[in-house]
Each structure stands twice: as C-alpha cells, then as structure tokens.
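What follows is the content of data-v1.cif, which has mmCIF, C-alpha atoms:
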```
data_coords
#
loop_
_atom_site.label_atom_id
_atom_site.label_comp_id
_atom_site.auth_asym_id
_atom_site.auth_seq_id
_atom_site.Cartn_x
_atom_site.Cartn_y
_atom_site.Cartn_z
CA MET A 486 20.20 64.84 121.58
CA PRO A 487 20.60 68.30 120.04
CA VAL A 488 21.69 71.16 122.25
CA PRO A 489 18.81 73.59 122.86
CA GLN A 490 18.86 76.96 121.20
CA PRO A 491 17.12 79.93 122.81
CA VAL A 492 13.80 80.81 121.24
CA ASN A 493 12.45 84.28 121.88
CA GLY A 494 9.02 85.62 121.09
CA HIS A 495 10.61 89.01 121.61
CA ALA A 496 14.05 90.57 121.42
CA PRO A 497 15.89 90.89 124.72
CA GLN A 498 15.99 94.48 125.93
CA GLN A 499 19.14 96.29 126.89
CA GLY A 500 19.43 97.68 130.41
CA ALA A 501 16.68 96.68 132.83
CA GLY A 502 15.45 93.09 132.77
CA LEU A 503 12.17 91.91 131.34
CA TRP A 504 9.78 90.08 133.69
CA ILE A 505 7.75 87.17 132.30
CA ARG A 506 4.85 86.02 134.48
CA ASP A 507 2.79 82.85 134.99
CA ARG A 508 4.70 80.38 132.82
CA VAL A 509 5.38 76.67 133.33
CA ILE A 510 8.79 74.99 133.07
CA THR A 511 8.21 71.66 131.32
CA HIS A 512 11.77 70.38 130.74
CA LEU A 513 15.27 70.92 132.14
CA LEU A 514 18.59 70.08 130.50
CA SER A 515 22.22 70.39 131.48
CA SER A 516 24.78 70.07 128.72
CA SER A 517 28.55 70.00 128.55
CA ALA A 518 28.45 70.69 124.80
CA ARG A 519 27.00 74.11 125.51
CA PRO A 520 27.67 74.58 129.23
CA GLY A 521 24.86 75.55 131.49
CA VAL A 522 21.40 74.63 132.60
CA TRP A 523 18.51 75.16 130.21
CA ALA A 524 14.78 75.30 131.00
CA PHE A 525 12.00 74.83 128.45
CA VAL A 526 9.37 77.45 129.24
CA ALA A 527 5.94 76.66 127.78
CA GLY A 528 5.11 79.12 125.04
CA LEU A 529 8.63 80.60 124.92
CA GLY A 530 11.05 77.75 124.24
CA TRP A 531 14.48 77.03 125.72
CA LYS A 532 15.93 79.61 128.11
CA ARG A 533 19.35 79.41 129.72
CA LEU A 534 19.69 79.94 133.45
CA ALA A 535 22.21 82.71 134.00
CA ALA A 536 25.52 81.85 135.62
CA VAL A 537 26.27 83.77 138.79
CA GLU A 538 29.44 84.03 140.85
CA SER A 539 28.06 81.78 143.57
CA GLY A 540 26.97 79.09 141.07
CA ARG A 541 23.72 78.08 139.42
CA SER A 542 22.32 75.96 142.24
CA PRO A 543 19.73 78.46 143.57
CA LEU A 544 18.18 79.02 140.12
CA THR A 545 18.44 75.34 139.23
CA GLY A 546 16.84 74.32 142.53
CA LEU A 547 13.90 76.65 141.97
CA ALA A 548 13.48 75.46 138.37
CA VAL A 549 13.50 71.80 139.50
CA LEU A 550 10.94 72.54 142.23
CA ALA A 551 8.64 74.32 139.78
CA LYS A 552 8.94 71.61 137.11
CA ALA A 553 8.47 68.69 139.49
CA ASN A 554 5.33 70.19 141.02
CA GLY A 555 3.86 71.86 137.92
CA LEU A 556 4.03 75.26 139.61
CA PRO A 557 3.76 78.45 137.57
CA VAL A 558 6.79 80.72 137.68
CA SER A 559 7.59 84.33 137.02
CA PHE A 560 11.13 85.10 135.96
CA ARG A 561 13.38 87.95 134.96
CA GLU A 562 15.13 87.70 131.63
CA ASN A 563 18.36 89.70 131.46
CA ALA A 564 19.71 91.60 128.45
CA LEU A 565 21.30 88.37 127.15
CA GLY A 566 17.95 86.54 127.19
CA GLN A 567 18.96 84.41 130.19
CA ILE A 568 16.86 83.78 133.28
CA ASP A 569 18.57 85.51 136.20
CA GLN A 570 15.73 85.50 138.78
CA ILE A 571 12.88 83.04 139.38
CA LEU A 572 9.80 83.45 141.57
CA VAL A 573 7.85 80.25 142.31
#
```
Serialized structure, structure tokens:
Amino acid sequence: MPVPQPVNGHAPQQGAGLWIRDRVITHLLSSSARPGVWAFVAGLGWKRLAAVESGRSPLTGLAVLAKANGLPVSFRENALGQIDQILV
C-alpha cells in the first residue's frame, strides 16, 4: 500500500495555526516507511498527526474515537500542515 502524501486545499500558514472545523476522519494509517500516524480527512486528504514530546497517543486516541463513531472534528493544523490539536 502506498504511503499517504499530505494533500492541502490551502498552503500552511507560518506562525499561528489554522483551525479547520466540522470535518470527518474516514481512515487512519500508521506506517514505518514514513513514521507517524496519518488521518484521511474528508475533503482535505491525508494529514499527519503531529509528534509531541509525550507521544502521539492522545491525538491518535481522539482520531480513533472520531473515526469509529463518525463524529465530526475540528482540528488545528500547524505551520507544517500537521494536526496538532483535535476537538471531538
């Protein structure tokens, strides 16, 4: 299976993060070929969950909860185009 590549409908902004609201996570993928956890956000494509010092488990747990229950999410995309906060 090919490793996901980020798809952006917009260029990531430098400085403050960009909030995206009311989206649905339809797929999740973890890959050793390109380390990290990736979420497919409907209408936006693959987005990587940002790595944090304490690990990815809080973001991954929220993404799994949202995907499994079909819940809409709002998330903050950092300057690198990675999801660094999720609101379910």
Run the PyMOL selection byres ((chain A and resi 551-568) around 7) against the file shown and list the residues it catches, as a PyMOL selection string. chain A and resi 497-500+502-511+532-535+547-550+569-573
Please list as a list of chain:residue names every residue within 10 Å of Ala536 in chain A, counting all atoms listed in the file and excluding residues in the same chain fewer than 4 positions away. A:Pro520, A:Gly521, A:Val522, A:Gly540, A:Arg541, A:Ser542, A:Leu544, A:Gln567, A:Ile568, A:Asp569
Using only C-alpha atoms, which residues sit within 9 Å of Trp523 in chain A once same-chain residues fewer than 6 positions away are excluded, as a PDB file with C-alpha atoms, in the frame of the given file?
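Output saved as around_27.pdb:
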```pdb
ATOM      1  CA  PRO A 489      18.810  73.590 122.860  1.00  0.00           C
ATOM      2  CA  PRO A 491      17.120  79.930 122.810  1.00  0.00           C
ATOM      3  CA  HIS A 512      11.770  70.380 130.740  1.00  0.00           C
ATOM      4  CA  LEU A 513      15.270  70.920 132.140  1.00  0.00           C
ATOM      5  CA  LEU A 514      18.590  70.080 130.500  1.00  0.00           C
ATOM      6  CA  SER A 515      22.220  70.390 131.480  1.00  0.00           C
ATOM      7  CA  SER A 516      24.780  70.070 128.720  1.00  0.00           C
ATOM      8  CA  TRP A 531      14.480  77.030 125.720  1.00  0.00           C
ATOM      9  CA  LYS A 532      15.930  79.610 128.110  1.00  0.00           C
ATOM     10  CA  ARG A 533      19.350  79.410 129.720  1.00  0.00           C
ATOM     11  CA  LEU A 534      19.690  79.940 133.450  1.00  0.00           C
TER      12      LEU A 534
END
```
Around range 500-510 of chain A, with edges along x, y and z and 5 Å added on all six sides, what centre and edge lengths do you get, in Å to one decimal, as AutoDock Vina command-line options?
```
--center_x 11.1 --center_y 86.3 --center_z 132.7 --size_x 26.6 --size_y 32.7 --size_z 14.6
```
